Amino acid sequence: MSESLEEFVRNRSKARLADGRLSICVTFRQMQSVEMVRAAKACGYDSLYVDHEHGSVPLEATRQICAAALDIGITALVRVPKIESDLVGHVLDGGAMGVIFPHIDTPELAKRAVEVCKYPPTGRRGVNNSIPQFGYRKWPGVDMRAVLNKETWVVCQVESGECVSNIDAIAAVEGVDILFVGTNDLCADLGIDGQLDHPQVEHAYQATIAACKKHGKVCGIGGLAAREDLLKKYIDMGGRFVAAGADQAFFEAGARKRAQFIQSLQP
């Protein structure tokens, strides 16, 4: 296999995690400009995800963001609303280096998520050799697909009590890379909405981190951007892929702080 091809398509955030470092991710829900990808990199983020479950970024802008991220050196993912091969294939062919799937409660759903993201023989992703991950260069198609199968992330969200009870079996699914705890949805499902400090949340993280360590996967931390104490707690426990916050929230926080400062200067 061509070494230059592997280096060209390298998932840099995956490499960080393999070295034991954190991957720090920013969420795009409102911002559609490719310039924001460069800004994210300048601010210290090595990954981003465009949120098609809760955000308003259109599909064409998503493809442009993902393609720009390849050139800038930041790993772009897309969260889709459900397992749908047409949408998943479209965002991956547009330059995404991985897909985040919400509500993966069973190993059967995890296997379906892998299937739509990976080329045969691992999955059933449609073949397209002219995609931005390869810079539209011509390498042997078999090698291209093997490298992209290795580098493309499949991220399964842990968002229910059912998922927590199945976490070991889900983590054991070949092709799953990250188990990403969606803390707020998890709390809602468990009937403890908003109670981020609840023992059941800690149990879910403990179970997820243990399953990840057992099966060689990565634990992701989501929904705790406003709780630095809990971020530290779960990073110390073994969480490594960290959702640090979303575009609009960052804008509002910075804009509010500056407005308050200027108002304080009122003569």
# chains A, B, ... in the order shown; residues from 1 in each chain; ligands from 1
call {"tool": "residues_around", "arguments": {"residues": "region 197-200 of chain A", "least_positions_apart": "4", "cutoff": "9 Å", "atoms": "only C-alpha atoms", "output": "CSV table (one decimal) with N, CA and C atoms, in the first residue's frame"}}
result
chain,number,residue,atom,x,y,z
A,187,CYS,N,-29.5,12.2,30.2
A,187,CYS,CA,-30.3,12.6,31.4
A,187,CYS,C,-31.8,12.5,31.1
A,190,LEU,N,-33.1,9.0,31.1
A,190,LEU,CA,-33.1,8.4,32.4
A,190,LEU,C,-34.1,9.0,33.4
A,192,ILE,N,-33.8,12.1,34.5
A,192,ILE,CA,-33.1,13.0,35.4
A,192,ILE,C,-32.7,14.3,34.6
A,204,ALA,N,-22.9,5.9,33.8
A,204,ALA,CA,-22.9,5.7,32.3
A,204,ALA,C,-21.5,6.0,31.8
A,205,TYR,N,-20.8,7.0,32.3
A,205,TYR,CA,-19.5,7.3,31.8
A,205,TYR,C,-18.5,6.2,32.3
A,230,LEU,N,-16.9,18.9,35.5
A,230,LEU,CA,-17.3,17.6,35.0
A,230,LEU,C,-16.4,17.2,33.8
call {"tool": "select_by_dssp", "arguments": {"residues": "region 186-251 of chain A", "states": "helix (DSSP H, G or I)", "output": "ChimeraX atom specification"}}
result
/A:186-190,199-215,228-237,247-251
call {"tool": "residues_around", "arguments": {"residues": "Val176 (chain A)", "least_positions_apart": "4", "cutoff": "9 Å", "atoms": "only C-alpha atoms", "output": "PyMOL selection string"}}
result
chain A and resi 110-111+113-114+153-156+170-172+217
call {"tool": "write_last_selection", "arguments": {"atoms": "C-alpha atoms", "output": "compact mmCIF listing (two decimals), in the first residue's frame"}}
result
# COMPACT_ATOMS: atom_id res chain seq x y z
CA ALA A 110 -23.95 0.08 15.52
CA LYS A 111 -23.35 -2.53 12.82
CA ALA A 113 -23.81 2.56 11.15
CA VAL A 114 -20.53 0.88 10.22
CA TRP A 153 -14.54 7.50 11.92
CA VAL A 154 -17.80 5.85 12.95
CA VAL A 155 -19.05 7.61 16.08
CA CYS A 156 -21.95 6.12 18.05
CA ILE A 170 -21.78 -1.96 21.13
CA ALA A 171 -18.11 -1.28 21.87
CA ALA A 172 -17.26 -4.76 20.60
CA LYS A 217 -12.31 2.36 21.36
call {"tool": "select_by_dssp", "arguments": {"residues": "region 128-223 of chain A", "states": "strand (DSSP E)", "output": "JSON, numbers by chain"}}
result
{"A": [153, 154, 155, 156, 157, 158, 178, 179, 180, 181, 182, 218, 219, 220, 221, 222]}
call {"tool": "write_last_selection", "arguments": {"atoms": "N, CA and C atoms", "output": "mmCIF file, in the first residue's frame"}}
result
data_model
loop_
_atom_site.group_PDB
_atom_site.id
_atom_site.type_symbol
_atom_site.label_atom_id
_atom_site.label_comp_id
_atom_site.auth_asym_id
_atom_site.auth_seq_id
_atom_site.Cartn_x
_atom_site.Cartn_y
_atom_site.Cartn_z
ATOM 1 N N TRP A 153 -13.993 7.804 10.601
ATOM 2 C CA TRP A 153 -14.539 7.498 11.923
ATOM 3 C C TRP A 153 -16.017 7.130 11.862
ATOM 4 N N VAL A 154 -16.396 6.140 12.655
ATOM 5 C CA VAL A 154 -17.798 5.847 12.949
ATOM 6 C C VAL A 154 -17.996 6.156 14.434
ATOM 7 N N VAL A 155 -18.842 7.134 14.712
ATOM 8 C CA VAL A 155 -19.047 7.615 16.082
ATOM 9 C C VAL A 155 -20.482 7.300 16.501
ATOM 10 N N CYS A 156 -20.631 6.518 17.553
ATOM 11 C CA CYS A 156 -21.953 6.123 18.049
ATOM 12 C C CYS A 156 -22.251 6.863 19.348
ATOM 13 N N GLN A 157 -23.396 7.517 19.395
ATOM 14 C CA GLN A 157 -23.741 8.283 20.585
ATOM 15 C C GLN A 157 -24.434 7.422 21.634
ATOM 16 N N VAL A 158 -24.033 7.657 22.872
ATOM 17 C CA VAL A 158 -24.598 6.972 24.038
ATOM 18 C C VAL A 158 -25.601 7.938 24.664
ATOM 19 N N ILE A 178 -15.634 5.515 18.108
ATOM 20 C CA ILE A 178 -15.853 6.370 19.271
ATOM 21 C C ILE A 178 -17.246 6.117 19.828
ATOM 22 N N LEU A 179 -17.344 5.976 21.141
ATOM 23 C CA LEU A 179 -18.624 5.987 21.846
ATOM 24 C C LEU A 179 -18.735 7.345 22.525
ATOM 25 N N PHE A 180 -19.652 8.147 22.035
ATOM 26 C CA PHE A 180 -19.744 9.574 22.357
ATOM 27 C C PHE A 180 -20.966 9.804 23.247
ATOM 28 N N VAL A 181 -20.725 10.080 24.525
ATOM 29 C CA VAL A 181 -21.830 10.234 25.468
ATOM 30 C C VAL A 181 -22.515 11.584 25.242
ATOM 31 N N GLY A 182 -23.787 11.533 24.876
ATOM 32 C CA GLY A 182 -24.603 12.750 24.770
ATOM 33 C C GLY A 182 -25.299 12.961 26.107
ATOM 34 N N VAL A 218 -12.588 4.748 21.705
ATOM 35 C CA VAL A 218 -12.395 6.046 22.345
ATOM 36 C C VAL A 218 -13.719 6.504 22.953
ATOM 37 N N CYS A 219 -13.662 7.039 24.170
ATOM 38 C CA CYS A 219 -14.860 7.618 24.790
ATOM 39 C C CYS A 219 -14.921 9.109 24.491
ATOM 40 N N GLY A 220 -16.075 9.550 24.007
ATOM 41 C CA GLY A 220 -16.316 10.962 23.754
ATOM 42 C C GLY A 220 -17.198 11.575 24.828
ATOM 43 N N ILE A 221 -16.966 12.864 25.078
ATOM 44 C CA ILE A 221 -17.697 13.604 26.110
ATOM 45 C C ILE A 221 -18.485 14.714 25.434
ATOM 46 N N GLY A 222 -19.811 14.690 25.578
ATOM 47 C CA GLY A 222 -20.648 15.710 24.962
ATOM 48 C C GLY A 222 -21.637 16.300 25.948
#
call {"tool": "residues_around", "arguments": {"residues": "region 98-100 of chain A", "least_positions_apart": "2", "cutoff": "10 Å", "atoms": "only C-alpha atoms", "output": "JSON, numbers by chain"}}
result
{"A": [11, 49, 50, 51, 52, 53, 75, 76, 77, 78, 79, 80, 81, 82, 83, 88, 89, 91, 92, 95, 96, 102, 103, 104, 113, 114, 116, 117, 148, 151, 152, 153, 154, 155, 156, 157, 177, 178, 179, 180]}
call {"tool": "residues_around", "arguments": {"residues": "region 125-132 of chain A", "least_positions_apart": "4", "cutoff": "12 Å", "atoms": "only C-alpha atoms", "output": "VMD selection string"}}
result
chain A and resid 8 to 9 63 to 71 84 to 97 112 to 121 136 to 146 148 to 149 152
call {"tool": "write_last_selection", "arguments": {"atoms": "C-alpha atoms", "output": "PDB file, in the first residue's frame"}}
result
ATOM      1  CA  PHE A   8      -2.202  12.234   2.360  1.00  0.00           C
ATOM      2  CA  VAL A   9      -5.520  10.958   3.731  1.00  0.00           C
ATOM      3  CA  ARG A  63     -19.706  19.687   1.965  1.00  0.00           C
ATOM      4  CA  GLN A  64     -17.770  22.938   1.522  1.00  0.00           C
ATOM      5  CA  ILE A  65     -16.877  23.033   5.226  1.00  0.00           C
ATOM      6  CA  CYS A  66     -15.660  19.429   5.117  1.00  0.00           C
ATOM      7  CA  ALA A  67     -13.618  19.954   1.966  1.00  0.00           C
ATOM      8  CA  ALA A  68     -12.034  23.098   3.421  1.00  0.00           C
ATOM      9  CA  ALA A  69     -11.167  21.223   6.605  1.00  0.00           C
ATOM     10  CA  LEU A  70      -9.142  18.695   4.606  1.00  0.00           C
ATOM     11  CA  ASP A  71      -6.895  21.449   3.266  1.00  0.00           C
ATOM     12  CA  GLU A  84     -29.510   6.749   6.127  1.00  0.00           C
ATOM     13  CA  SER A  85     -27.105   5.497   3.469  1.00  0.00           C
ATOM     14  CA  ASP A  86     -27.868   8.238   0.917  1.00  0.00           C
ATOM     15  CA  LEU A  87     -27.158  11.097   3.330  1.00  0.00           C
ATOM     16  CA  VAL A  88     -24.129   9.388   4.865  1.00  0.00           C
ATOM     17  CA  GLY A  89     -22.655   8.669   1.441  1.00  0.00           C
ATOM     18  CA  HIS A  90     -23.241  12.260   0.367  1.00  0.00           C
ATOM     19  CA  VAL A  91     -21.426  13.838   3.316  1.00  0.00           C
ATOM     20  CA  LEU A  92     -18.560  11.331   3.170  1.00  0.00           C
ATOM     21  CA  ASP A  93     -18.112  11.873  -0.566  1.00  0.00           C
ATOM     22  CA  GLY A  94     -18.150  15.600   0.189  1.00  0.00           C
ATOM     23  CA  GLY A  95     -15.065  15.377   2.397  1.00  0.00           C
ATOM     24  CA  ALA A  96     -16.204  14.340   5.882  1.00  0.00           C
ATOM     25  CA  MET A  97     -13.757  12.097   7.717  1.00  0.00           C
ATOM     26  CA  ARG A 112     -25.702  -0.665  10.482  1.00  0.00           C
ATOM     27  CA  ALA A 113     -23.806   2.560  11.148  1.00  0.00           C
ATOM     28  CA  VAL A 114     -20.526   0.881  10.224  1.00  0.00           C
ATOM     29  CA  GLU A 115     -22.101  -0.650   7.140  1.00  0.00           C
ATOM     30  CA  VAL A 116     -23.124   2.689   5.599  1.00  0.00           C
ATOM     31  CA  CYS A 117     -19.740   4.312   6.319  1.00  0.00           C
ATOM     32  CA  LYS A 118     -17.322   1.647   5.117  1.00  0.00           C
ATOM     33  CA  TYR A 119     -16.538   0.274   1.693  1.00  0.00           C
ATOM     34  CA  PRO A 120     -16.798  -3.469   1.032  1.00  0.00           C
ATOM     35  CA  PRO A 121     -15.909  -5.930   2.396  1.00  0.00           C
ATOM     36  CA  TYR A 136      -8.851  14.336  -6.765  1.00  0.00           C
ATOM     37  CA  ARG A 137      -5.561  12.566  -7.469  1.00  0.00           C
ATOM     38  CA  LYS A 138      -5.427   9.140  -9.061  1.00  0.00           C
ATOM     39  CA  TRP A 139      -4.265   6.310  -6.852  1.00  0.00           C
ATOM     40  CA  PRO A 140      -5.206   2.633  -7.155  1.00  0.00           C
ATOM     41  CA  GLY A 141      -8.863   2.371  -6.202  1.00  0.00           C
ATOM     42  CA  VAL A 142      -8.389  -0.693  -3.977  1.00  0.00           C
ATOM     43  CA  ASP A 143      -5.705   1.112  -1.959  1.00  0.00           C
ATOM     44  CA  MET A 144      -7.803   4.285  -1.726  1.00  0.00           C
ATOM     45  CA  ARG A 145     -10.778   2.454  -0.291  1.00  0.00           C
ATOM     46  CA  ALA A 146      -8.679   0.484   2.177  1.00  0.00           C
ATOM     47  CA  LEU A 148     -10.342   5.508   3.771  1.00  0.00           C
ATOM     48  CA  ASN A 149     -11.957   2.577   5.591  1.00  0.00           C
ATOM     49  CA  THR A 152     -13.012   7.304   8.451  1.00  0.00           C
TER      50      THR A 152
END
call {"tool": "atom_distance", "arguments": {"atom1": "CA of Val57 (chain A)", "atom2": "CA of Val37 (chain A)"}}
result
13.6 Å
call {"tool": "atom_distance", "arguments": {"atom1": "CA of Asn184 (chain A)", "atom2": "CA of Gly223 (chain A)"}}
result
5.8 Å
call {"tool": "closest_residue", "arguments": {"among": "A:Phe134, A:Gln195, A:Val164, A:Leu17", "to": "Ala210 (chain A)", "atoms": "only C-alpha atoms"}}
result
A:Val164
call {"tool": "residues_around", "arguments": {"residues": "Arg38 (chain A)", "least_positions_apart": "4", "cutoff": "9 Å", "atoms": "only C-alpha atoms", "output": "JSON, numbers by chain"}}
result
{"A": [34, 42, 43, 68, 69, 72, 74]}
call {"tool": "write_last_selection", "arguments": {"atoms": "all heavy atoms", "output": "compact mmCIF listing (two decimals), in the first residue's frame"}}
result
# COMPACT_ATOMS: atom_id res chain seq x y z
N VAL A 34 -16.82 28.86 5.24
CA VAL A 34 -15.62 28.04 5.33
C VAL A 34 -14.52 28.76 6.10
O VAL A 34 -13.60 28.11 6.62
CB VAL A 34 -15.12 27.62 3.94
CG1 VAL A 34 -16.13 26.73 3.26
CG2 VAL A 34 -14.79 28.84 3.08
N ALA A 42 -7.25 27.96 14.16
CA ALA A 42 -6.43 28.98 14.82
C ALA A 42 -6.69 29.04 16.32
O ALA A 42 -5.79 29.39 17.10
CB ALA A 42 -6.70 30.35 14.19
N CYS A 43 -7.90 28.67 16.73
CA CYS A 43 -8.26 28.71 18.15
C CYS A 43 -7.84 27.44 18.90
O CYS A 43 -8.03 27.35 20.11
CB CYS A 43 -9.77 28.91 18.30
SG CYS A 43 -10.33 30.57 17.85
N ALA A 68 -12.98 22.09 2.93
CA ALA A 68 -12.03 23.10 3.42
C ALA A 68 -11.22 22.55 4.59
O ALA A 68 -10.02 22.82 4.71
CB ALA A 68 -12.78 24.36 3.83
N ALA A 69 -11.86 21.78 5.44
CA ALA A 69 -11.17 21.22 6.61
C ALA A 69 -10.03 20.30 6.19
O ALA A 69 -8.98 20.25 6.85
CB ALA A 69 -12.16 20.47 7.49
N ILE A 72 -7.09 22.50 5.44
CA ILE A 72 -6.62 23.27 6.59
C ILE A 72 -5.97 22.37 7.63
O ILE A 72 -5.14 22.82 8.43
CB ILE A 72 -7.79 24.09 7.17
CG1 ILE A 72 -8.20 25.18 6.17
CG2 ILE A 72 -7.45 24.70 8.52
CD1 ILE A 72 -9.53 25.83 6.47
N ILE A 74 -7.83 20.04 9.73
CA ILE A 74 -8.71 19.81 10.87
C ILE A 74 -9.70 18.72 10.45
O ILE A 74 -10.15 18.69 9.30
CB ILE A 74 -9.43 21.11 11.29
CG1 ILE A 74 -10.27 20.92 12.54
CG2 ILE A 74 -10.25 21.70 10.17
CD1 ILE A 74 -10.79 22.24 13.14
call {"tool": "closest_atom_pairs", "arguments": {"of": "region 7-110 of chain A", "to": "region 236-257 of chain A", "cutoff": "6 Å", "atoms": "only C-alpha atoms", "output": "CSV"}}
result
residue,atom,partner,partner_atom,distance
A:Leu22,CA,A:Arg240,CA,4.8
A:Ser23,CA,A:Phe241,CA,4.8
A:Ile24,CA,A:Val242,CA,5.1
A:Cys25,CA,A:Ala243,CA,4.8
A:Val26,CA,A:Gly245,CA,5.6
A:Thr27,CA,A:Ala246,CA,4.4
A:Phe28,CA,A:Asp247,CA,5.5
call {"tool": "write_last_selection", "arguments": {"atoms": "N, CA and C atoms", "output": "PDB file, in the first residue's frame"}}
result
ATOM      1  N   LEU A  22      -5.801  14.486  23.724  1.00  0.00           N
ATOM      2  CA  LEU A  22      -7.212  14.811  23.540  1.00  0.00           C
ATOM      3  C   LEU A  22      -7.467  15.266  22.111  1.00  0.00           C
ATOM      4  N   SER A  23      -8.660  14.955  21.624  1.00  0.00           N
ATOM      5  CA  SER A  23      -9.179  15.587  20.420  1.00  0.00           C
ATOM      6  C   SER A  23     -10.251  16.572  20.865  1.00  0.00           C
ATOM      7  N   ILE A  24     -10.063  17.844  20.511  1.00  0.00           N
ATOM      8  CA  ILE A  24     -10.958  18.905  20.967  1.00  0.00           C
ATOM      9  C   ILE A  24     -11.802  19.360  19.790  1.00  0.00           C
ATOM     10  N   CYS A  25     -13.109  19.242  19.937  1.00  0.00           N
ATOM     11  CA  CYS A  25     -14.041  19.404  18.823  1.00  0.00           C
ATOM     12  C   CYS A  25     -14.964  20.598  19.046  1.00  0.00           C
ATOM     13  N   VAL A  26     -15.191  21.364  17.995  1.00  0.00           N
ATOM     14  CA  VAL A  26     -16.162  22.457  18.025  1.00  0.00           C
ATOM     15  C   VAL A  26     -17.343  22.073  17.129  1.00  0.00           C
ATOM     16  N   THR A  27     -18.549  22.438  17.556  1.00  0.00           N
ATOM     17  CA  THR A  27     -19.766  22.095  16.822  1.00  0.00           C
ATOM     18  C   THR A  27     -20.218  23.259  15.954  1.00  0.00           C
ATOM     19  N   PHE A  28     -20.520  22.986  14.703  1.00  0.00           N
ATOM     20  CA  PHE A  28     -21.090  23.971  13.785  1.00  0.00           C
ATOM     21  C   PHE A  28     -22.592  23.697  13.675  1.00  0.00           C
TER      22      PHE A  28
END
call {"tool": "decode", "arguments": {"residues": "region 144-244 of chain A", "atoms": "C-alpha atoms", "output": "compact mmCIF listing (two decimals), in the first residue's frame"}}
result
# COMPACT_ATOMS: atom_id res chain seq x y z
CA MET A 144 -7.80 4.29 -1.73
CA ARG A 145 -10.78 2.45 -0.29
CA ALA A 146 -8.68 0.48 2.18
CA VAL A 147 -7.05 3.65 3.50
CA LEU A 148 -10.34 5.51 3.77
CA ASN A 149 -11.96 2.58 5.59
CA LYS A 150 -9.16 2.83 8.13
CA GLU A 151 -9.25 6.62 8.51
CA THR A 152 -13.01 7.30 8.45
CA TRP A 153 -14.54 7.50 11.92
CA VAL A 154 -17.80 5.85 12.95
CA VAL A 155 -19.05 7.61 16.08
CA CYS A 156 -21.95 6.12 18.05
CA GLN A 157 -23.74 8.28 20.58
CA VAL A 158 -24.60 6.97 24.04
CA GLU A 159 -27.91 8.64 24.84
CA SER A 160 -30.16 6.18 26.68
CA GLY A 161 -30.33 3.70 29.49
CA GLU A 162 -30.78 0.95 26.91
CA CYS A 163 -27.51 1.95 25.26
CA VAL A 164 -25.68 1.93 28.60
CA SER A 165 -26.99 -1.56 29.32
CA ASN A 166 -25.70 -2.70 25.89
CA ILE A 167 -22.48 -0.69 25.98
CA ASP A 168 -20.05 -3.61 26.04
CA ALA A 169 -21.68 -5.27 23.04
CA ILE A 170 -21.78 -1.96 21.13
CA ALA A 171 -18.11 -1.28 21.87
CA ALA A 172 -17.26 -4.76 20.60
CA VAL A 173 -18.64 -3.99 17.11
CA GLU A 174 -15.81 -3.94 14.59
CA GLY A 175 -15.58 -0.61 12.80
CA VAL A 176 -16.96 1.54 15.62
CA ASP A 177 -14.32 4.08 16.65
CA ILE A 178 -15.85 6.37 19.27
CA LEU A 179 -18.62 5.99 21.85
CA PHE A 180 -19.74 9.57 22.36
CA VAL A 181 -21.83 10.23 25.47
CA GLY A 182 -24.60 12.75 24.77
CA THR A 183 -25.06 13.74 28.39
CA ASN A 184 -28.18 15.87 28.06
CA ASP A 185 -30.14 13.35 26.00
CA LEU A 186 -28.97 10.62 28.36
CA CYS A 187 -30.29 12.55 31.36
CA ALA A 188 -33.62 13.12 29.64
CA ASP A 189 -33.96 9.43 28.80
CA LEU A 190 -33.11 8.41 32.37
CA GLY A 191 -35.72 10.77 33.84
CA ILE A 192 -33.09 13.03 35.44
CA ASP A 193 -33.28 15.89 32.94
CA GLY A 194 -30.66 18.56 33.63
CA GLN A 195 -29.08 16.67 36.54
CA LEU A 196 -25.58 16.41 35.14
CA ASP A 197 -24.14 15.53 38.56
CA HIS A 198 -26.47 12.57 39.03
CA PRO A 199 -24.87 9.21 39.96
CA GLN A 200 -26.52 7.58 36.95
CA VAL A 201 -24.54 9.90 34.67
CA GLU A 202 -21.31 8.95 36.38
CA HIS A 203 -22.25 5.29 36.04
CA ALA A 204 -22.87 5.74 32.32
CA TYR A 205 -19.45 7.32 31.84
CA GLN A 206 -17.77 4.64 33.93
CA ALA A 207 -19.43 1.90 31.89
CA THR A 208 -18.63 3.58 28.57
CA ILE A 209 -15.00 4.24 29.44
CA ALA A 210 -14.55 0.67 30.70
CA ALA A 211 -16.04 -0.74 27.48
CA CYS A 212 -13.84 1.54 25.37
CA LYS A 213 -10.70 0.45 27.20
CA LYS A 214 -11.68 -3.21 26.88
CA HIS A 215 -12.33 -3.05 23.14
CA GLY A 216 -9.80 -0.42 22.06
CA LYS A 217 -12.31 2.36 21.36
CA VAL A 218 -12.39 6.05 22.35
CA CYS A 219 -14.86 7.62 24.79
CA GLY A 220 -16.32 10.96 23.75
CA ILE A 221 -17.70 13.60 26.11
CA GLY A 222 -20.65 15.71 24.96
CA GLY A 223 -23.05 18.17 26.52
CA LEU A 224 -20.73 19.32 29.31
CA ALA A 225 -19.21 22.41 27.72
CA ALA A 226 -20.54 24.65 30.51
CA ARG A 227 -19.30 22.34 33.28
CA GLU A 228 -15.52 22.54 33.43
CA ASP A 229 -15.49 20.48 36.63
CA LEU A 230 -17.27 17.58 34.96
CA LEU A 231 -15.14 17.85 31.83
CA LYS A 232 -12.05 17.44 33.98
CA LYS A 233 -13.62 14.60 35.92
CA TYR A 234 -14.45 12.53 32.86
CA ILE A 235 -11.19 13.34 31.06
CA ASP A 236 -9.35 12.13 34.16
CA MET A 237 -11.44 8.94 34.00
CA GLY A 238 -10.44 8.33 30.39
CA GLY A 239 -12.61 10.44 28.06
CA ARG A 240 -10.55 11.67 25.10
CA PHE A 241 -12.82 13.08 22.36
CA VAL A 242 -14.23 16.28 23.84
CA ALA A 243 -17.04 18.42 22.41
CA ALA A 244 -16.02 21.84 23.67
